[in-house]
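K.L.:
Just passing along the structure, written as structure tokens.
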Amino acid sequence: MALKCPVCADRALDAFEFHGEEVDCCHHCGGLWFENGELNSALSTADNDDDAVRAEENLGKHLGKTQIHCIHCDIPLERYHLMEEFQLEVEVCHKCSGVFIEGHEREKVVSSPKVRQLVGELNGKVGFKTWIFQFLSQMPVEFNLKPKITPWVTYTLIALNVLIFLMYGMSNKNTLWVYEHLSIQAAQVMDMSEPWTLLTHMFLHGGWMHLIGNMYFLYVVGDNLEDAMGRRNYLLSYLACGLVAAFAQIAADPASMIYNVGASGAIAGLFGMYLMWFRHASLTFMFLIYQKKLSPQMFFALWLLFNFLGLLFGGPGVAYWAHIGGFVAGLAIGWKMKQGIMERNPTLSLLNQPEVKISR
């Protein structure tokens with residue numbers, strides 16, 4: 001007598017080869033039934049960086065009973081997360097240890113050992129050295145996968161910014177000339193004079209701390225973005241965000257004669273793209289002496305809040321609208337390019353699955 005699909009009830013299960021294992025398949029819903037040990041064997045054979053999978057012995061959280069029954073024992077199946085790090089739901093029979101997987105989750109289940117490995121890398125502990133660094137610098141520490149390429153565009157942008165600052169930053173006379181001719185003044189841009197400042201201001205900084213802070217954040221998020229986007233698209237997006245940031249600041253106060261310099265607006269655009277594509281990463285935040293790993297969503301929400309508070313209560317020395325404008329531009333680019341980025345970066349796509357859970 002043919003076995004019936006536990007979901008479709010009246011549909012017979014047929015033999016189906018799944019990564020070297022002959023399992024039972026419902027060709028109507030795509031569901032797969034694995035006898036005891038077959039899931040481990042199939043996942044060990046699949047190309048997922050693990051040839052000794054023990055998924056059946058290491059299931060995640062028990063979620064309760066289901067309304068569907070075991071195809072052999074005719075008792076309700078129990079719902080489990082496949083693993084703590086990848087919370088796909090599978091159905092298990094406590095009597096015969098059979099496992100049922102719904103059809104739309106096949107490929108996700110196959111990739112689950114790879115997810116476990118990647119999440120293990122991302123869940124690195126915040127050590128004492130990290131705490132000391134952040135306490136002294138007040139800069140976040142990133143926990144993310146290392147890029148596959150050397151981020152030469154990021155390194156070049158950092159080098160250019162540092163070199164340019166060294167060429168003028170040690171002399172008040174040179175600094176004054178640079179500010180007068182290469183920084184943005186909203187009123188001058190509105191008068192159509194010195195339009196080149198829309199570009200040149202991105203490579204100028206008001207002091208060592210301004211430079212170091214911007215270059216550190218460029219380094220933190222830039223390498224992963226360059227890896228994901230490719231060098232050309234990364235550079236064009238960086239410059240585009242810087243231009244949008246400049247226009248946002250000009251629009252906020254078109255009559256201003258204040259000098260505006262810095263890569264902050266362009267880097268804020270990188271923040272927006274990073275937020276769209278790297279939800280699995282973590283950034284540490286320090287409150288007094290307490291250090292906590294935060295998701296990019298939470299970290300950049302705090303960053304955005306500080307910028308809005310700066311608009312309300314801060315002085316005129318910081319281009320808050322440039323930060324916000326650049327960030328919005330980055331979000332727009334990130335949303336527009338997301339599908340293509342995920343298609344070209346399978347690992348990144350895998351880690352963006354909602355079932356992936358990162359410890360923070």
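Simple scheme: letters A, B, ... for chains in structure tokens order, numbers from 1 for residues in each chain, numbers from 1 for ligands in the order shown.
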Find the residues around range 239-251 of chain A up to 7 Å (only C-alpha atoms counted), leave out those fewer than 3 positions away in its own chain, and share them as a list in words.

P.N.:
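The filter keeps Ala186, Leu198, Met202, Leu235, Leu236, Pro254, Gly265, Ala266, Gly269, Ala319, Trp321, Ala322, His323, Gly325, Gly326, Ala329 and Gly330 of chain A.
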
K.L.:
What parts of range 45-223 of chain A does DSSP call helix (DSSP H, G or I)? I'd like the answer as an MDAnalysis selection string.

P.N.:
chainID A and resid 45 103:110 112:122 128:137 152:168 172:182 186:190 197:203 208:223

K.L.:
Work out how far apart CA of Met273 in chain A and CA of Leu331 in chain A are and give it in Å to one decimal.

P.N.:
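Computed distance, CA of Met273 in chain A to CA of Leu331 in chain A, equals 5.5 Å.
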
K.L.:
May I ask which of the residues A:Ser256, A:Asn174, A:Asn161, A:Ser295 is the closest one to Pro316 in chain A, counting only C-alpha atoms?

P.N.:
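The answer is A:Ser256, which sits nearest to Pro316 in chain A.
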
K.L.:
My list of candidates is A:Ile289, A:Leu211, A:Ile158, A:Val261. Which is closest to Leu199 in chain A when distances are computed with only C-alpha atoms?

P.N.:
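Looking only at the distances to Leu199 in chain A, the closest residue turns out to be A:Val261.
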
K.L.:
May I have the residues within 12 Å of Ser97 in chain A as a list in words, using only C-alpha atoms and disregarding those fewer than 3 positions away in the same chain?

P.N.:
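The filter keeps Trp33, Phe34, Glu35, Asn36, Gly37, Glu38, Leu39, Glu56, Glu57, Leu59, Cys70, Ile71, His72, Cys73, Ile75, Leu77, Glu78, Val90, Glu91, Val92, Cys93, His94 and Phe100 of chain A.
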
K.L.:
Would you output that residue set with N, CA and C atoms, as a compact mmCIF listing (two decimals), in the first residue's frame?

P.N.:
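Dumped everything to selection_3.txt:
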```txt
# COMPACT_ATOMS: atom_id res chain seq x y z
N TRP A 33 9.71 13.11 2.92
CA TRP A 33 9.73 12.33 4.15
C TRP A 33 11.05 11.58 4.26
N PHE A 34 11.73 11.76 5.37
CA PHE A 34 13.01 11.10 5.62
C PHE A 34 12.85 10.09 6.73
N GLU A 35 13.24 8.84 6.45
CA GLU A 35 13.30 7.85 7.52
C GLU A 35 14.47 8.19 8.43
N ASN A 36 14.51 7.54 9.59
CA ASN A 36 15.56 7.80 10.58
C ASN A 36 16.95 7.69 9.94
N GLY A 37 17.73 8.76 10.01
CA GLY A 37 19.11 8.77 9.50
C GLY A 37 19.24 9.28 8.08
N GLU A 38 18.17 9.30 7.31
CA GLU A 38 18.27 9.70 5.91
C GLU A 38 18.57 11.19 5.74
N LEU A 39 18.02 12.02 6.62
CA LEU A 39 18.28 13.45 6.52
C LEU A 39 19.75 13.74 6.78
N GLU A 56 19.63 15.56 12.82
CA GLU A 56 18.53 14.88 13.50
C GLU A 56 18.76 14.76 15.00
N GLU A 57 20.03 14.70 15.42
CA GLU A 57 20.33 14.59 16.84
C GLU A 57 20.45 15.96 17.51
N LEU A 59 18.44 18.94 16.91
CA LEU A 59 17.36 19.85 16.54
C LEU A 59 17.28 21.01 17.52
N CYS A 70 2.20 11.09 11.41
CA CYS A 70 3.28 10.29 10.85
C CYS A 70 2.74 9.31 9.82
N ILE A 71 3.43 9.14 8.72
CA ILE A 71 2.96 8.26 7.65
C ILE A 71 3.04 6.79 8.04
N HIS A 72 3.82 6.47 9.09
CA HIS A 72 3.93 5.09 9.55
C HIS A 72 3.14 4.85 10.84
N CYS A 73 3.32 5.73 11.81
CA CYS A 73 2.81 5.50 13.16
C CYS A 73 1.44 6.09 13.40
N ILE A 75 0.58 8.97 14.44
CA ILE A 75 0.49 9.82 15.62
C ILE A 75 0.89 11.24 15.19
N LEU A 77 2.70 14.54 14.46
CA LEU A 77 4.11 14.93 14.38
C LEU A 77 4.37 16.13 15.29
N GLU A 78 5.62 16.25 15.72
CA GLU A 78 6.03 17.34 16.61
C GLU A 78 6.84 18.36 15.80
N VAL A 90 10.63 21.95 11.03
CA VAL A 90 10.49 20.61 10.49
C VAL A 90 9.56 19.83 11.41
N GLU A 91 8.98 18.76 10.87
CA GLU A 91 8.06 17.93 11.65
C GLU A 91 8.71 16.57 11.90
N VAL A 92 8.65 16.11 13.14
CA VAL A 92 9.35 14.90 13.55
C VAL A 92 8.39 13.95 14.25
N CYS A 93 8.56 12.65 13.99
CA CYS A 93 7.80 11.63 14.72
C CYS A 93 8.63 11.14 15.89
N HIS A 94 8.11 11.27 17.10
CA HIS A 94 8.85 10.85 18.28
C HIS A 94 8.97 9.33 18.39
N PHE A 100 9.68 15.13 8.38
CA PHE A 100 9.00 15.66 7.21
C PHE A 100 9.41 17.11 6.99
```

K.L.:
Which residues of range 42-70 of chain A come within 10 Å of range 5-16 of chain A, and for each one, what is the closest pair of atoms and their distance in Å to one decimal, counting only C-alpha atoms, sorted by chain and residue number, as a Markdown table?

P.N.:
```
| residue | atom | partner | partner_atom | distance |
| --- | --- | --- | --- | --- |
| A:Gln67 | CA | A:Val7 | CA | 9.0 |
| A:Ile68 | CA | A:Pro6 | CA | 5.7 |
| A:His69 | CA | A:Pro6 | CA | 5.8 |
| A:Cys70 | CA | A:Pro6 | CA | 6.6 |
```

K.L.:
For range 137-149 of chain A, work out the shell of residues within 9 Å, counting only C-alpha atoms and skipping chain neighbours fewer than 4 positions away, then give it as a PyMOL selection string.

P.N.:
chain A and resi 118+121-124+130+132-133+213+216-217+220-221+223-228+278+280-286+293

K.L.:
Tell me which of A:Leu294, A:Ala46, A:Val189, A:Ile184 sits closest to Ser359 in chain A, counting only C-alpha atoms.

P.N.:
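Residue with the minimum atom-to-atom distance to Ser359 in chain A: A:Leu294.
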
K.L.:
Tell me which protein, DNA and RNA residues are within 9 Å of Asn214 in chain A, counting only C-alpha atoms, leaving out same-chain ones fewer than 5 positions away, and put them as a list in words.

P.N.:
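In the requested format, the answer is His205, Met209, Tyr219, Gly262, Ala263, Ser264 and Ile267 of chain A.
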
K.L.:
One decimal, in Å: what's the spacing between CA of Leu305 in chain A and CA of Tyr290 in chain A?

P.N.:
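CA of Tyr290 in chain A lies at a distance of 19.7 Å from CA of Leu305 in chain A.
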
K.L.:
For each of A:Cys96, A:Leu348, A:Ala268, A:Leu63, take the minimum atom-to-atom distance to Phe300 in chain A, counting only C-alpha atoms, then give the residue where this is smallest.

P.N.:
A:Ala268

K.L.:
One decimal, in Å: what's the spacing between CA of Gly317 in chain A and CA of Val162 in chain A?

P.N.:
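It comes out at 21.4 Å.
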
K.L.:
Using only C-alpha atoms for the distances, tell me which of A:Asp74, A:Asp191, A:Glu85, A:Asp24 is nearest to Ile101 in chain A.

P.N.:
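For Ile101 in chain A, the nearest of the given residues is A:Asp24.
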
K.L.:
May I ask which of the residues A:Thr197, A:Ala42, A:Leu88, A:Cys25 is the closest one to Gly103 in chain A, counting only C-alpha atoms?

P.N.:
A:Cys25
